[in-house]
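Here is the structure we will look at.
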Amino acid sequence: MSWRKTVRLFWPAILMLATSCGSASHTGAEEGAQPVVSGAFGSRPVVSVPAGRPGRMPRVTVLSAGSGRRTQPGDVVLADVEIRRWAGNQPYLSTFDSGRPTTVVFDGRQVPEVWRRSLIGHPAGSRVMLVGPAADALGPGLPWAGVSPADTLVVVFDILGGYPPDARLVGRTLPVVPADLTPADRPRVLIDGSGREIRAGAKVIVQYVAAAWPSRAIVDSTYRRGGPGAFTLKPGAAPPAWLDALPGRHVGCRLAVPSAGDEPRIYVIDVLDTITLPS
């Protein structure tokens, strides 16, 4: 399985720490019937679409405010996203089940204005809802599968955090793949971390490089792609070798993690943050 992501809105291929609710502040231009969203931040939201008609203009609603750093223009914003069609409350796209949050790079390229309003200026840990026509709510880079530009979509964002594109371990140089490590070796701690412990099943915010074996050529790098990525430490959501190597370590660590298999790799991973999901 390839773990490379190549577009500015990085989406997993899935079609389909406060309690959220539908009563919150609004930043849209037109009132209309609004969905009710329930569930804890970090868990897949439960969306109830009312029988009424939505407003004709996009509307952004802060469902719950987090307590982390506010996202800023120019950040790489990591978020879990649930998108549903208003008609029939049908699921359209979701990252909650896949465990692979989306990465939105606010670098001056084409990102929908309503996504900017939904994701920039909010503290990490916030849940924000966007209701609007697909022409605004999807924007460039996202798939159009059985939906027209005029169809109303409900988009719920769980904002994991915003990070500078060049975020790295404080005071450290860029990672280098150890010259003596092979895919048959055990993971190696290159730098000890002193932050929160990484737990199995948690989300990790990382910068990493991946080198092919035996050439040691760099075949993937978040540093080259524009900024950190988020992975959930569960099967199918992160490279398999990470699942045993990262739990028990601490934020701020740098690990060299060999990965055997059909396409042997050696990863060097800088762990910038971790988020433990609600049980």
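Quick note on naming: the chains in the structure tokens go A, B, ... in the order shown, residues restart at 1 in each chain, and ligands are numbered from 1 in order of appearance.
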Arg69 in chain A: which residues within 12 Å, counting only C-alpha atoms, same-chain residues fewer than 6 positions away excluded, as a PDB file with all heavy atoms, in the first residue's frame?
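The file below, part26.pdb, is the result:
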ATOM      1  N   ASP A  75      -0.991  28.137   7.778  1.00  0.00           N
ATOM      2  CA  ASP A  75      -0.831  26.846   8.449  1.00  0.00           C
ATOM      3  C   ASP A  75      -1.149  25.684   7.515  1.00  0.00           C
ATOM      4  O   ASP A  75      -1.884  25.807   6.534  1.00  0.00           O
ATOM      5  CB  ASP A  75      -1.773  26.741   9.653  1.00  0.00           C
ATOM      6  CG  ASP A  75      -1.180  27.287  10.926  1.00  0.00           C
ATOM      7  OD1 ASP A  75       0.006  27.672  10.931  1.00  0.00           O
ATOM      8  OD2 ASP A  75      -1.912  27.343  11.935  1.00  0.00           O
ATOM      9  N   VAL A  77      -3.394  22.673   8.092  1.00  0.00           N
ATOM     10  CA  VAL A  77      -4.440  22.318   9.050  1.00  0.00           C
ATOM     11  C   VAL A  77      -4.801  20.851   8.866  1.00  0.00           C
ATOM     12  O   VAL A  77      -5.091  20.393   7.755  1.00  0.00           O
ATOM     13  CB  VAL A  77      -5.688  23.204   8.876  1.00  0.00           C
ATOM     14  CG1 VAL A  77      -6.785  22.771   9.850  1.00  0.00           C
ATOM     15  CG2 VAL A  77      -5.329  24.673   9.104  1.00  0.00           C
ATOM     16  N   ILE A 120      -9.652  28.224   9.649  1.00  0.00           N
ATOM     17  CA  ILE A 120      -8.654  29.186  10.110  1.00  0.00           C
ATOM     18  C   ILE A 120      -9.239  30.072  11.208  1.00  0.00           C
ATOM     19  O   ILE A 120     -10.371  30.547  11.111  1.00  0.00           O
ATOM     20  CB  ILE A 120      -8.152  30.059   8.944  1.00  0.00           C
ATOM     21  CG1 ILE A 120      -7.412  29.190   7.923  1.00  0.00           C
ATOM     22  CG2 ILE A 120      -7.239  31.175   9.442  1.00  0.00           C
ATOM     23  CD1 ILE A 120      -6.172  28.503   8.455  1.00  0.00           C
ATOM     24  N   GLY A 121      -8.434  30.288  12.263  1.00  0.00           N
ATOM     25  CA  GLY A 121      -8.854  31.145  13.367  1.00  0.00           C
ATOM     26  C   GLY A 121      -9.539  30.421  14.499  1.00  0.00           C
ATOM     27  O   GLY A 121     -10.015  31.055  15.444  1.00  0.00           O
ATOM     28  N   HIS A 122      -9.591  29.086  14.436  1.00  0.00           N
ATOM     29  CA  HIS A 122     -10.258  28.304  15.478  1.00  0.00           C
ATOM     30  C   HIS A 122      -9.231  27.525  16.294  1.00  0.00           C
ATOM     31  O   HIS A 122      -8.230  27.041  15.752  1.00  0.00           O
ATOM     32  CB  HIS A 122     -11.258  27.323  14.855  1.00  0.00           C
ATOM     33  CG  HIS A 122     -12.292  27.983  13.996  1.00  0.00           C
ATOM     34  ND1 HIS A 122     -13.229  28.854  14.499  1.00  0.00           N
ATOM     35  CD2 HIS A 122     -12.521  27.926  12.656  1.00  0.00           C
ATOM     36  CE1 HIS A 122     -14.001  29.280  13.526  1.00  0.00           C
ATOM     37  NE2 HIS A 122     -13.580  28.742  12.390  1.00  0.00           N
ATOM     38  N   PRO A 123      -9.461  27.357  17.599  1.00  0.00           N
ATOM     39  CA  PRO A 123      -8.517  26.584  18.413  1.00  0.00           C
ATOM     40  C   PRO A 123      -8.538  25.106  18.039  1.00  0.00           C
ATOM     41  O   PRO A 123      -9.596  24.560  17.671  1.00  0.00           O
ATOM     42  CB  PRO A 123      -9.029  26.793  19.844  1.00  0.00           C
ATOM     43  CG  PRO A 123      -9.961  27.966  19.775  1.00  0.00           C
ATOM     44  CD  PRO A 123     -10.543  27.954  18.412  1.00  0.00           C
ATOM     45  N   ALA A 124      -7.399  24.459  18.142  1.00  0.00           N
ATOM     46  CA  ALA A 124      -7.357  23.006  17.986  1.00  0.00           C
ATOM     47  C   ALA A 124      -8.311  22.369  18.990  1.00  0.00           C
ATOM     48  O   ALA A 124      -8.426  22.810  20.123  1.00  0.00           O
ATOM     49  CB  ALA A 124      -5.939  22.500  18.211  1.00  0.00           C
ATOM     50  N   GLY A 125      -9.004  21.349  18.547  1.00  0.00           N
ATOM     51  CA  GLY A 125     -10.020  20.718  19.384  1.00  0.00           C
ATOM     52  C   GLY A 125     -11.417  21.216  19.098  1.00  0.00           C
ATOM     53  O   GLY A 125     -12.376  20.765  19.735  1.00  0.00           O
ATOM     54  N   SER A 126     -11.555  22.132  18.144  1.00  0.00           N
ATOM     55  CA  SER A 126     -12.873  22.680  17.808  1.00  0.00           C
ATOM     56  C   SER A 126     -13.587  21.773  16.811  1.00  0.00           C
ATOM     57  O   SER A 126     -12.968  21.128  15.961  1.00  0.00           O
ATOM     58  CB  SER A 126     -12.737  24.076  17.190  1.00  0.00           C
ATOM     59  OG  SER A 126     -12.180  24.990  18.108  1.00  0.00           O
ATOM     60  N   ILE A 159     -11.123  19.859  14.122  1.00  0.00           N
ATOM     61  CA  ILE A 159      -9.819  20.462  13.854  1.00  0.00           C
ATOM     62  C   ILE A 159      -8.786  19.894  14.831  1.00  0.00           C
ATOM     63  O   ILE A 159      -8.842  20.155  16.037  1.00  0.00           O
ATOM     64  CB  ILE A 159      -9.889  21.988  13.968  1.00  0.00           C
ATOM     65  CG1 ILE A 159     -10.913  22.533  12.951  1.00  0.00           C
ATOM     66  CG2 ILE A 159      -8.515  22.609  13.740  1.00  0.00           C
ATOM     67  CD1 ILE A 159     -11.166  24.017  13.089  1.00  0.00           C
ATOM     68  N   LEU A 160      -7.868  19.111  14.301  1.00  0.00           N
ATOM     69  CA  LEU A 160      -6.831  18.516  15.140  1.00  0.00           C
ATOM     70  C   LEU A 160      -5.737  19.520  15.469  1.00  0.00           C
ATOM     71  O   LEU A 160      -5.132  19.456  16.544  1.00  0.00           O
ATOM     72  CB  LEU A 160      -6.226  17.304  14.444  1.00  0.00           C
ATOM     73  CG  LEU A 160      -7.214  16.205  14.020  1.00  0.00           C
ATOM     74  CD1 LEU A 160      -6.484  15.104  13.275  1.00  0.00           C
ATOM     75  CD2 LEU A 160      -7.950  15.652  15.230  1.00  0.00           C
ATOM     76  N   GLY A 161      -5.472  20.443  14.560  1.00  0.00           N
ATOM     77  CA  GLY A 161      -4.469  21.456  14.836  1.00  0.00           C
ATOM     78  C   GLY A 161      -3.962  22.087  13.560  1.00  0.00           C
ATOM     79  O   GLY A 161      -4.172  21.576  12.454  1.00  0.00           O
ATOM     80  N   GLY A 162      -3.301  23.213  13.715  1.00  0.00           N
ATOM     81  CA  GLY A 162      -2.626  23.883  12.621  1.00  0.00           C
ATOM     82  C   GLY A 162      -1.138  23.950  12.918  1.00  0.00           C
ATOM     83  O   GLY A 162      -0.735  24.199  14.060  1.00  0.00           O
ATOM     84  N   TYR A 163      -0.324  23.721  11.898  1.00  0.00           N
ATOM     85  CA  TYR A 163       1.119  23.633  12.088  1.00  0.00           C
ATOM     86  C   TYR A 163       1.825  24.378  10.955  1.00  0.00           C
ATOM     87  O   TYR A 163       1.362  24.359   9.812  1.00  0.00           O
ATOM     88  CB  TYR A 163       1.576  22.163  12.088  1.00  0.00           C
ATOM     89  CG  TYR A 163       0.917  21.346  13.164  1.00  0.00           C
ATOM     90  CD1 TYR A 163      -0.335  20.770  12.948  1.00  0.00           C
ATOM     91  CD2 TYR A 163       1.514  21.179  14.406  1.00  0.00           C
ATOM     92  CE1 TYR A 163      -0.969  20.039  13.948  1.00  0.00           C
ATOM     93  CE2 TYR A 163       0.895  20.446  15.402  1.00  0.00           C
ATOM     94  CZ  TYR A 163      -0.349  19.881  15.171  1.00  0.00           C
ATOM     95  OH  TYR A 163      -0.977  19.162  16.163  1.00  0.00           O
ATOM     96  N   PRO A 164       2.938  25.027  11.246  1.00  0.00           N
ATOM     97  CA  PRO A 164       3.718  25.636  10.170  1.00  0.00           C
ATOM     98  C   PRO A 164       4.170  24.553   9.185  1.00  0.00           C
ATOM     99  O   PRO A 164       4.455  23.420   9.588  1.00  0.00           O
ATOM    100  CB  PRO A 164       4.913  26.254  10.899  1.00  0.00           C
ATOM    101  CG  PRO A 164       4.490  26.371  12.326  1.00  0.00           C
ATOM    102  CD  PRO A 164       3.543  25.241  12.576  1.00  0.00           C
TER     103      PRO A 164
END
Please return as a short mmCIF file (atom, residue, chain, number, x, y, z; two decimals) with N, CA, C and O atoms, in the first residue's frame: the residues of range 53-177 of chain A that backbone DSSP assigns to helix (DSSP H, G or I).
data_model
loop_
_atom_site.label_atom_id
_atom_site.label_comp_id
_atom_site.auth_asym_id
_atom_site.auth_seq_id
_atom_site.Cartn_x
_atom_site.Cartn_y
_atom_site.Cartn_z
N ALA A 87 -29.92 15.99 1.15
CA ALA A 87 -31.04 15.15 0.69
C ALA A 87 -30.84 13.72 1.18
O ALA A 87 -29.89 13.05 0.81
N GLY A 88 -31.73 13.29 2.06
CA GLY A 88 -31.67 11.93 2.58
C GLY A 88 -30.62 11.69 3.63
O GLY A 88 -30.45 10.57 4.10
N ASN A 89 -29.86 12.74 4.01
CA ASN A 89 -28.80 12.59 5.01
C ASN A 89 -27.87 11.43 4.65
O ASN A 89 -27.45 10.65 5.50
N GLU A 113 -13.11 29.42 -0.04
CA GLU A 113 -13.21 30.45 1.00
C GLU A 113 -13.97 29.94 2.22
O GLU A 113 -13.60 30.24 3.36
N VAL A 114 -15.00 29.15 2.00
CA VAL A 114 -15.77 28.65 3.15
C VAL A 114 -14.95 27.64 3.96
O VAL A 114 -15.16 27.49 5.16
N TRP A 115 -14.01 26.95 3.32
CA TRP A 115 -13.10 26.09 4.09
C TRP A 115 -12.15 26.94 4.91
O TRP A 115 -11.82 26.59 6.04
N ARG A 116 -11.69 28.06 4.34
CA ARG A 116 -10.83 28.95 5.12
C ARG A 116 -11.57 29.46 6.35
O ARG A 116 -11.03 29.45 7.47
N ARG A 117 -12.84 29.87 6.19
CA ARG A 117 -13.63 30.34 7.34
C ARG A 117 -13.87 29.22 8.34
O ARG A 117 -13.95 29.46 9.55
N SER A 118 -13.97 28.00 7.85
CA SER A 118 -14.25 26.87 8.73
C SER A 118 -13.02 26.41 9.51
O SER A 118 -13.16 25.90 10.63
N LEU A 119 -11.84 26.60 8.95
CA LEU A 119 -10.64 25.99 9.52
C LEU A 119 -9.63 26.97 10.09
O LEU A 119 -8.80 26.58 10.92
N ALA A 134 -22.59 22.19 -2.95
CA ALA A 134 -21.36 21.44 -3.21
C ALA A 134 -20.33 22.29 -3.95
O ALA A 134 -19.12 22.09 -3.77
N ALA A 135 -20.77 23.23 -4.76
CA ALA A 135 -19.82 24.09 -5.48
C ALA A 135 -18.90 24.83 -4.53
O ALA A 135 -17.75 25.11 -4.86
N ASP A 136 -19.38 25.14 -3.31
CA ASP A 136 -18.56 25.79 -2.30
C ASP A 136 -17.99 24.79 -1.30
O ASP A 136 -16.85 24.94 -0.86
N ALA A 137 -18.78 23.81 -0.92
CA ALA A 137 -18.40 22.92 0.18
C ALA A 137 -17.36 21.89 -0.22
O ALA A 137 -16.62 21.40 0.63
#
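Using only C-alpha atoms, the smallest distance between any of A:Val189, A:Ile198, A:Val147, A:Ala260 and Leu93 in chain A comes from A:Val147.
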From the options A:Gly42, A:Pro239, A:Pro214, A:Pro149, which residue's atoms come nearest to Thr182 in chain A, counting only C-alpha atoms?
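The closest residue to Thr182 in chain A is A:Pro214.
In terms of minimum interatomic distance to Pro50 in chain A, A:Gln34 ranks closest within A:Thr274, A:Thr232, A:Gln34, A:Ser194, counting only C-alpha atoms.
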